[in-house]
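Q: Coordinates in protein34.csv, CSV, C-alpha atoms, are listed below.
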chain,number,residue,atom,x,y,z
A,79,MET,CA,25.9,-16.7,-13.4
A,80,ILE,CA,23.2,-14.0,-13.3
A,81,ARG,CA,20.5,-14.7,-10.8
A,82,ASN,CA,19.0,-11.3,-10.3
A,83,VAL,CA,17.8,-8.8,-12.9
A,84,VAL,CA,17.1,-5.3,-11.6
A,85,PHE,CA,15.1,-2.8,-13.7
A,86,ASP,CA,14.9,0.9,-13.6
A,87,VAL,CA,11.3,2.1,-14.2
A,88,GLY,CA,11.2,5.5,-16.0
A,89,GLY,CA,12.8,5.2,-19.4
A,90,VAL,CA,12.8,1.4,-19.3
A,91,LEU,CA,9.5,-0.1,-18.2
A,92,VAL,CA,7.6,3.1,-19.0
A,93,ARG,CA,8.4,5.7,-21.6
A,94,LEU,CA,8.8,9.3,-20.4
A,95,ARG,CA,6.9,12.2,-21.9
A,96,TYR,CA,8.1,15.4,-20.2
A,97,GLN,CA,7.3,17.9,-22.9
A,98,PRO,CA,3.6,18.4,-22.4
A,99,PHE,CA,4.2,19.2,-18.7
A,100,VAL,CA,7.1,21.6,-19.7
A,101,ASP,CA,4.8,23.3,-22.2
A,102,TYR,CA,2.1,23.6,-19.6
A,103,LEU,CA,4.4,25.3,-17.1
A,104,SER,CA,5.9,27.5,-19.8
A,105,ALA,CA,2.4,28.7,-20.7
A,106,ALA,CA,1.9,29.6,-17.0
A,107,GLY,CA,4.9,31.9,-17.1
A,108,ILE,CA,7.5,29.6,-15.6
A,109,ASP,CA,10.9,29.8,-17.2
A,110,MET,CA,11.6,26.3,-18.5
A,111,THR,CA,14.3,27.2,-21.0
A,112,ASP,CA,17.0,25.4,-18.9
A,113,LEU,CA,15.3,22.3,-17.7
A,114,PRO,CA,18.3,20.9,-15.6
A,115,ALA,CA,18.6,24.3,-13.8
A,116,TRP,CA,14.8,24.4,-13.2
A,117,LEU,CA,14.9,20.8,-11.7
A,118,THR,CA,17.7,22.0,-9.4
A,119,ARG,CA,15.6,25.0,-8.4
A,120,VAL,CA,12.6,23.0,-7.4
A,121,ASP,CA,14.9,20.4,-5.8
A,122,LEU,CA,13.5,17.4,-7.5
A,123,ALA,CA,16.4,15.3,-6.1
A,124,ALA,CA,15.2,16.1,-2.5
A,125,HIS,CA,11.7,15.1,-3.5
A,126,GLU,CA,13.0,11.8,-4.9
A,127,ARG,CA,15.0,11.2,-1.8
A,128,GLY,CA,11.7,11.4,0.2
A,129,GLU,CA,12.6,14.7,1.8
A,130,MET,CA,9.7,16.5,0.2
A,131,THR,CA,6.2,15.1,-0.6
A,132,GLY,CA,4.7,15.3,-4.0
A,133,GLU,CA,2.1,17.8,-2.7
A,134,GLU,CA,4.9,20.0,-1.3
A,135,LEU,CA,6.8,19.8,-4.6
A,136,LEU,CA,3.7,20.8,-6.6
A,137,GLY,CA,3.1,23.7,-4.2
A,138,ARG,CA,6.6,24.9,-4.9
A,139,ILE,CA,6.1,24.6,-8.6
A,140,ALA,CA,2.7,26.5,-8.4
A,141,ALA,CA,4.4,29.3,-6.5
A,142,MET,CA,6.6,30.0,-9.5
A,143,SER,CA,3.7,30.6,-11.8
A,144,SER,CA,2.7,34.1,-12.9
A,145,ARG,CA,-1.0,33.1,-12.7
A,146,PRO,CA,-2.9,30.8,-10.3
A,147,LEU,CA,-2.7,27.2,-11.3
A,148,ASP,CA,-5.6,24.8,-10.5
A,149,PRO,CA,-4.1,22.2,-8.1
A,150,GLY,CA,-6.1,19.4,-9.6
A,151,GLU,CA,-5.0,20.2,-13.1
A,152,LEU,CA,-1.4,20.6,-12.0
A,153,ALA,CA,-1.4,17.2,-10.3
A,154,ALA,CA,-3.0,15.5,-13.2
A,155,ARG,CA,-0.5,16.9,-15.6
A,156,TRP,CA,2.4,15.9,-13.3
A,157,LEU,CA,1.1,12.3,-13.4
A,158,ASP,CA,0.4,12.3,-17.1
A,159,MET,CA,4.0,12.0,-18.4
A,160,PHE,CA,4.3,8.3,-18.9
A,161,ALA,CA,3.4,5.7,-21.5
A,162,ARG,CA,3.5,1.9,-21.3
A,163,ALA,CA,6.7,0.1,-22.7
A,164,GLN,CA,4.9,-3.2,-23.1
A,165,GLU,CA,7.8,-5.2,-24.5
A,166,MET,CA,9.9,-4.3,-21.5
A,167,LEU,CA,7.1,-5.0,-19.1
A,168,ASP,CA,6.7,-8.4,-20.7
A,169,LEU,CA,10.4,-9.1,-20.5
A,170,ALA,CA,10.4,-8.3,-16.7
A,171,SER,CA,7.4,-10.4,-15.9
A,172,GLY,CA,8.7,-13.3,-18.1
A,173,LEU,CA,12.1,-13.3,-16.4
A,174,MET,CA,10.4,-13.8,-13.1
A,175,LEU,CA,10.0,-17.5,-14.0
A,176,SER,CA,13.8,-18.1,-14.1
A,177,HIS,CA,15.4,-15.2,-12.2
A,178,ARG,CA,14.7,-12.9,-9.3
A,179,VAL,CA,13.5,-9.6,-10.7
A,180,TYR,CA,13.5,-6.3,-8.8
A,181,LEU,CA,12.8,-2.7,-9.5
A,182,LEU,CA,15.1,0.2,-8.4
A,183,SER,CA,13.8,3.6,-9.3
A,184,ASN,CA,14.4,7.3,-8.7
A,185,VAL,CA,10.9,8.3,-8.1
A,186,GLY,CA,8.7,10.4,-5.7
A,187,ASP,CA,5.6,9.3,-3.8
A,188,LEU,CA,2.9,10.6,-6.2
A,189,HIS,CA,4.6,9.2,-9.3
A,190,TRP,CA,5.2,5.9,-7.7
A,191,ARG,CA,1.6,5.4,-6.6
A,192,HIS,CA,0.3,6.4,-10.1
A,193,LEU,CA,2.8,4.2,-11.9
A,194,ASN,CA,2.1,1.2,-9.7
A,195,ALA,CA,-1.7,1.6,-10.1
A,196,GLU,CA,-1.6,2.3,-13.8
A,197,TYR,CA,0.9,-0.3,-14.9
A,198,GLY,CA,0.9,-2.9,-12.1
A,199,LEU,CA,4.6,-2.6,-11.5
A,200,GLU,CA,4.7,-4.7,-8.3
A,201,ARG,CA,3.3,-7.6,-10.4
A,202,VAL,CA,6.3,-7.6,-12.7
A,203,ALA,CA,9.0,-8.0,-10.0
A,204,HIS,CA,9.7,-9.9,-6.8
A,205,GLY,CA,10.5,-6.7,-5.0
A,206,VAL,CA,10.7,-2.9,-5.3
A,207,LEU,CA,13.0,-0.2,-3.8
A,208,THR,CA,12.1,3.4,-4.5
A,209,SER,CA,14.4,6.3,-3.9
A,210,PHE,CA,11.9,8.2,-1.8
A,211,GLU,CA,11.8,5.1,0.5
A,212,ALA,CA,15.6,4.5,0.4
A,213,GLY,CA,16.4,8.2,1.1
A,214,ALA,CA,19.0,8.0,-1.7
A,215,VAL,CA,19.0,8.4,-5.4
A,216,LYS,CA,20.9,6.7,-8.2
A,217,PRO,CA,23.8,7.0,-8.9
A,218,GLN,CA,24.7,7.3,-5.2
A,219,PRO,CA,26.2,4.0,-3.9
A,220,GLU,CA,23.9,4.0,-0.9
A,221,ILE,CA,20.8,3.1,-3.0
A,222,TYR,CA,22.6,0.1,-4.6
A,223,ARG,CA,23.8,-1.1,-1.2
A,224,LYS,CA,20.3,-0.7,0.2
A,225,ALA,CA,19.0,-2.8,-2.7
A,226,GLU,CA,21.6,-5.5,-2.0
A,227,GLN,CA,20.4,-5.6,1.7
A,228,ARG,CA,16.7,-5.4,0.9
A,229,PHE,CA,16.8,-8.2,-1.7
A,230,ALA,CA,19.7,-10.2,-0.3
A,231,ILE,CA,21.5,-10.1,-3.7
A,232,ASP,CA,25.1,-10.8,-4.6
A,233,PRO,CA,26.4,-7.9,-6.8
A,234,ALA,CA,28.4,-10.3,-9.0
A,235,ALA,CA,25.2,-12.3,-9.8
A,236,THR,CA,23.1,-9.2,-10.5
A,237,VAL,CA,22.5,-7.2,-13.7
A,238,PHE,CA,21.0,-3.7,-13.6
A,239,ILE,CA,19.2,-2.1,-16.6
A,240,ASP,CA,18.9,1.7,-16.7
A,241,ASP,CA,18.5,4.3,-19.5
A,242,LEU,CA,20.9,6.8,-17.9
A,243,PRO,CA,24.7,6.2,-18.2
A,244,PRO,CA,25.5,7.7,-14.8
A,245,ASN,CA,23.2,5.2,-13.1
A,246,VAL,CA,24.7,2.4,-15.1
A,247,ALA,CA,28.1,3.5,-14.0
A,248,GLY,CA,27.0,3.7,-10.4
A,249,ALA,CA,25.8,0.1,-10.4
A,250,GLU,CA,29.1,-1.0,-12.0
A,251,ALA,CA,31.1,0.8,-9.4
A,252,CYS,CA,29.2,-1.3,-6.8
A,253,GLY,CA,30.3,-4.5,-8.6
A,254,TRP,CA,27.0,-5.1,-10.4
A,255,HIS,CA,26.8,-6.0,-14.1
A,256,ALA,CA,24.9,-3.2,-15.9
A,257,ILE,CA,23.2,-2.5,-19.2
A,258,HIS,CA,22.6,0.9,-20.7
A,259,HIS,CA,19.0,0.5,-22.1
A,260,ARG,CA,18.6,2.1,-25.5
A,261,SER,CA,16.1,-0.3,-27.1
A,262,PRO,CA,14.4,-3.5,-26.1
A,263,GLU,CA,16.3,-5.4,-28.9
A,264,ARG,CA,19.8,-4.2,-27.6
A,265,THR,CA,18.9,-4.9,-24.0
A,266,VAL,CA,17.8,-8.4,-24.9
A,267,GLU,CA,21.0,-9.0,-26.8
A,268,GLN,CA,23.1,-7.9,-23.8
A,269,LEU,CA,21.1,-10.0,-21.4
A,270,ARG,CA,21.7,-13.0,-23.7
A,271,ALA,CA,25.4,-12.2,-23.8
A,272,LEU,CA,25.4,-12.4,-20.0
A,273,GLY,CA,23.9,-15.9,-20.2
A,274,VAL,CA,20.5,-14.8,-18.9
A,275,ARG,CA,17.8,-17.3,-19.8
A,276,LEU,CA,15.2,-15.3,-21.7
A,277,PRO,CA,11.5,-16.0,-21.7
A,278,GLU,CA,9.3,-16.6,-24.7
A,279,PRO,CA,8.8,-14.8,-27.0
A,280,PHE,CA,12.3,-13.4,-26.6
A,281,GLY,CA,13.9,-16.8,-26.5
A,282,GLN,CA,17.3,-17.8,-27.6
A,283,ASP,CA,18.6,-17.5,-31.2
Translate this structure into structure tokens?
A:
Amino acid sequence: MIRNVVFDVGGVLVRLRYQPFVDYLSAAGIDMTDLPAWLTRVDLAAHERGEMTGEELLGRIAAMSSRPLDPGELAARWLDMFARAQEMLDLASGLMLSHRVYLLSNVGDLHWRHLNAEYGLERVAHGVLTSFEAGAVKPQPEIYRKAEQRFAIDPAATVFIDDLPPNVAGAEACGWHAIHHRSPERTVEQLRALGVRLPEPFGQD
């Protein structure tokens, strides 16, 4: 029986809009043609593990520009890459009535503070574990194990919802049930198949 439902944040509870930020940096003379390589160069993973603050990350990005970047504008554009996924937020908050609901997110300090303030994420879950606090990122097994300890959850009674297949596979490797989130409708169907009692208006067929 599923007793715990664990949600990723970016790409699940909020939609991601990277392109305006990429376009802004491109206009500043930063080569963004290979985004994965650029993310490695700025070491986003270290930032999300809590080894580099958001301010330090933005300073590293600004140093790549061919022209001076206004720190306030850079920070604002860094934060402005999300949109509310209301149906999924409603699902998470509704599930709190019948299950334990938690959030497990690869995220840095600035983004987390913004997301929590903007979307009230701590109100749609019984607990949160961020990667910058855990010192590990999905799909590393350490972050799933830390979530088990933090929330006192049994992997076999837990389902994890994430939009990235490697993170889904990481949860499954730790003995969790997992769902690759591609749409609210498909995720609801998969929760129903696992016997999760869904809230209104999702309900049971």
Q: If you count all atoms listed in the file, which residues fall within 12 Å of Val246 in chain A, apart from same-chain ones fewer than 5 positions away, as a list of chain:residue names?
A: A:Val84, A:Phe85, A:Asp86, A:Leu182, A:Lys216, A:Pro217, A:Gln218, A:Pro219, A:Tyr222, A:Val237, A:Phe238, A:Ile239, A:Asp240, A:Asp241, A:Ala251, A:Cys252, A:Gly253, A:Trp254, A:His255, A:Ala256, A:Ile257, A:His258, A:His259
Q: Find the residues around Ala235 in chain A up to 6 Å (all atoms listed in the file counted), leave out those fewer than 2 positions away in its own chain, and share them as a ChimeraX atom specification.
A: /A:79-81,232-233
Q: List as a PDB file with C-alpha atoms, in the frame of the given file the protein and nucleic acid residues near Arg93 in chain A, meaning an atom at most 12 Å away when only C-alpha atoms are counted, but skip any in the same chain fewer than 4 places from it.
A:
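After the write, selection21.pdb holds the following:
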ATOM      1  CA  ASP A  86      14.900   0.900 -13.600  1.00  0.00           C
ATOM      2  CA  VAL A  87      11.300   2.100 -14.200  1.00  0.00           C
ATOM      3  CA  GLY A  88      11.200   5.500 -16.000  1.00  0.00           C
ATOM      4  CA  GLY A  89      12.800   5.200 -19.400  1.00  0.00           C
ATOM      5  CA  ASP A 158       0.400  12.300 -17.100  1.00  0.00           C
ATOM      6  CA  MET A 159       4.000  12.000 -18.400  1.00  0.00           C
ATOM      7  CA  PHE A 160       4.300   8.300 -18.900  1.00  0.00           C
ATOM      8  CA  ALA A 161       3.400   5.700 -21.500  1.00  0.00           C
ATOM      9  CA  ARG A 162       3.500   1.900 -21.300  1.00  0.00           C
ATOM     10  CA  ALA A 163       6.700   0.100 -22.700  1.00  0.00           C
ATOM     11  CA  GLN A 164       4.900  -3.200 -23.100  1.00  0.00           C
ATOM     12  CA  GLU A 165       7.800  -5.200 -24.500  1.00  0.00           C
ATOM     13  CA  MET A 166       9.900  -4.300 -21.500  1.00  0.00           C
ATOM     14  CA  LEU A 167       7.100  -5.000 -19.100  1.00  0.00           C
ATOM     15  CA  LEU A 193       2.800   4.200 -11.900  1.00  0.00           C
ATOM     16  CA  TYR A 197       0.900  -0.300 -14.900  1.00  0.00           C
ATOM     17  CA  ASP A 241      18.500   4.300 -19.500  1.00  0.00           C
ATOM     18  CA  HIS A 259      19.000   0.500 -22.100  1.00  0.00           C
ATOM     19  CA  ARG A 260      18.600   2.100 -25.500  1.00  0.00           C
ATOM     20  CA  SER A 261      16.100  -0.300 -27.100  1.00  0.00           C
ATOM     21  CA  PRO A 262      14.400  -3.500 -26.100  1.00  0.00           C
TER      22      PRO A 262
END
Q: Give me the residues within 12 Å of Ala214 in chain A as a tab-separated table (two decimals) with C-alpha atoms, in the frame of the given file, counting all atoms listed in the file and dropping any in the same chain fewer than 6 places off.
A:
chain	number	residue	atom	x	y	z
A	123	ALA	CA	16.40	15.30	-6.10
A	124	ALA	CA	15.20	16.10	-2.50
A	125	HIS	CA	11.70	15.10	-3.50
A	126	GLU	CA	13.00	11.80	-4.90
A	127	ARG	CA	15.00	11.20	-1.80
A	128	GLY	CA	11.70	11.40	0.20
A	129	GLU	CA	12.60	14.70	1.80
A	182	LEU	CA	15.10	0.20	-8.40
A	183	SER	CA	13.80	3.60	-9.30
A	184	ASN	CA	14.40	7.30	-8.70
A	185	VAL	CA	10.90	8.30	-8.10
A	186	GLY	CA	8.70	10.40	-5.70
A	207	LEU	CA	13.00	-0.20	-3.80
A	208	THR	CA	12.10	3.40	-4.50
A	220	GLU	CA	23.90	4.00	-0.90
A	221	ILE	CA	20.80	3.10	-3.00
A	222	TYR	CA	22.60	0.10	-4.60
A	223	ARG	CA	23.80	-1.10	-1.20
A	224	LYS	CA	20.30	-0.70	0.20
A	225	ALA	CA	19.00	-2.80	-2.70
Q: Pick out the closest residue to Gly172 in chain A from this set: A:Val90, A:Ala230, A:Ala195, A:Val202. Count all atoms listed in the file.
A: A:Val202
Q: In Å, how far is it from CA of Ala153 in chain A to CA of Leu136 in chain A?
A: 7.3 Å
Q: When distances are computed from only C-alpha atoms, which of A:Phe229, A:Phe210, A:Trp116, A:Phe280 shows the smallest separation from Arg191 in chain A?
A: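 Between A:Phe229, A:Phe210, A:Trp116, A:Phe280, the residue approaching Arg191 in chain A most closely is A:Phe210.
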Q: May I ask which of the residues A:Arg155, A:Arg119, A:His192, A:Arg264 is the closest one to Arg138 in chain A, counting all atoms listed in the file?
A: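 Closest to Arg138 in chain A, using all atoms listed in the file: A:Arg119.
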Q: A:Leu117, A:Leu103, A:Val215, A:Val266: which is nearest Pro244 in chain A, counting all atoms listed in the file?
A: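 Under the stated criterion, the closest residue is A:Val215.
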Q: Work out how far apart CA of Leu147 in chain A and CA of Ala106 in chain A are and give it in Å to one decimal.
A: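 Atom-to-atom, CA of Leu147 in chain A and CA of Ala106 in chain A are spaced 7.7 Å apart.
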Q: Using only C-alpha atoms for the distances, tell me which of A:Leu157, A:Ile231, A:Val206, A:Leu122 is nearest to Leu181 in chain A.
A: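 Of A:Leu157, A:Ile231, A:Val206, A:Leu122, the one nearest Leu181 in chain A is A:Val206, counting only C-alpha atoms.
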Q: Between CA of Thr236 in chain A and CA of Ala249 in chain A, what is the distance, to one decimal in Å?
A: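 These atoms are spaced 9.7 Å apart.
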Q: I'd like the contact shell of Pro277 in chain A - 9 Å cut-off, all atoms listed in the file, skipping same-chain residues fewer than 4 positions apart - returned as number ranges by chain.
A: A: 169, 172-176, 281-282
Q: Compare A:Ala140, A:Ala105, A:Leu152, A:Leu199 by their minimum atom-to-atom distance to Val92 in chain A, counting only C-alpha atoms, and give me the closest one.
A: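 Of the candidates, the smallest distance to Val92 in chain A is held by A:Leu199.
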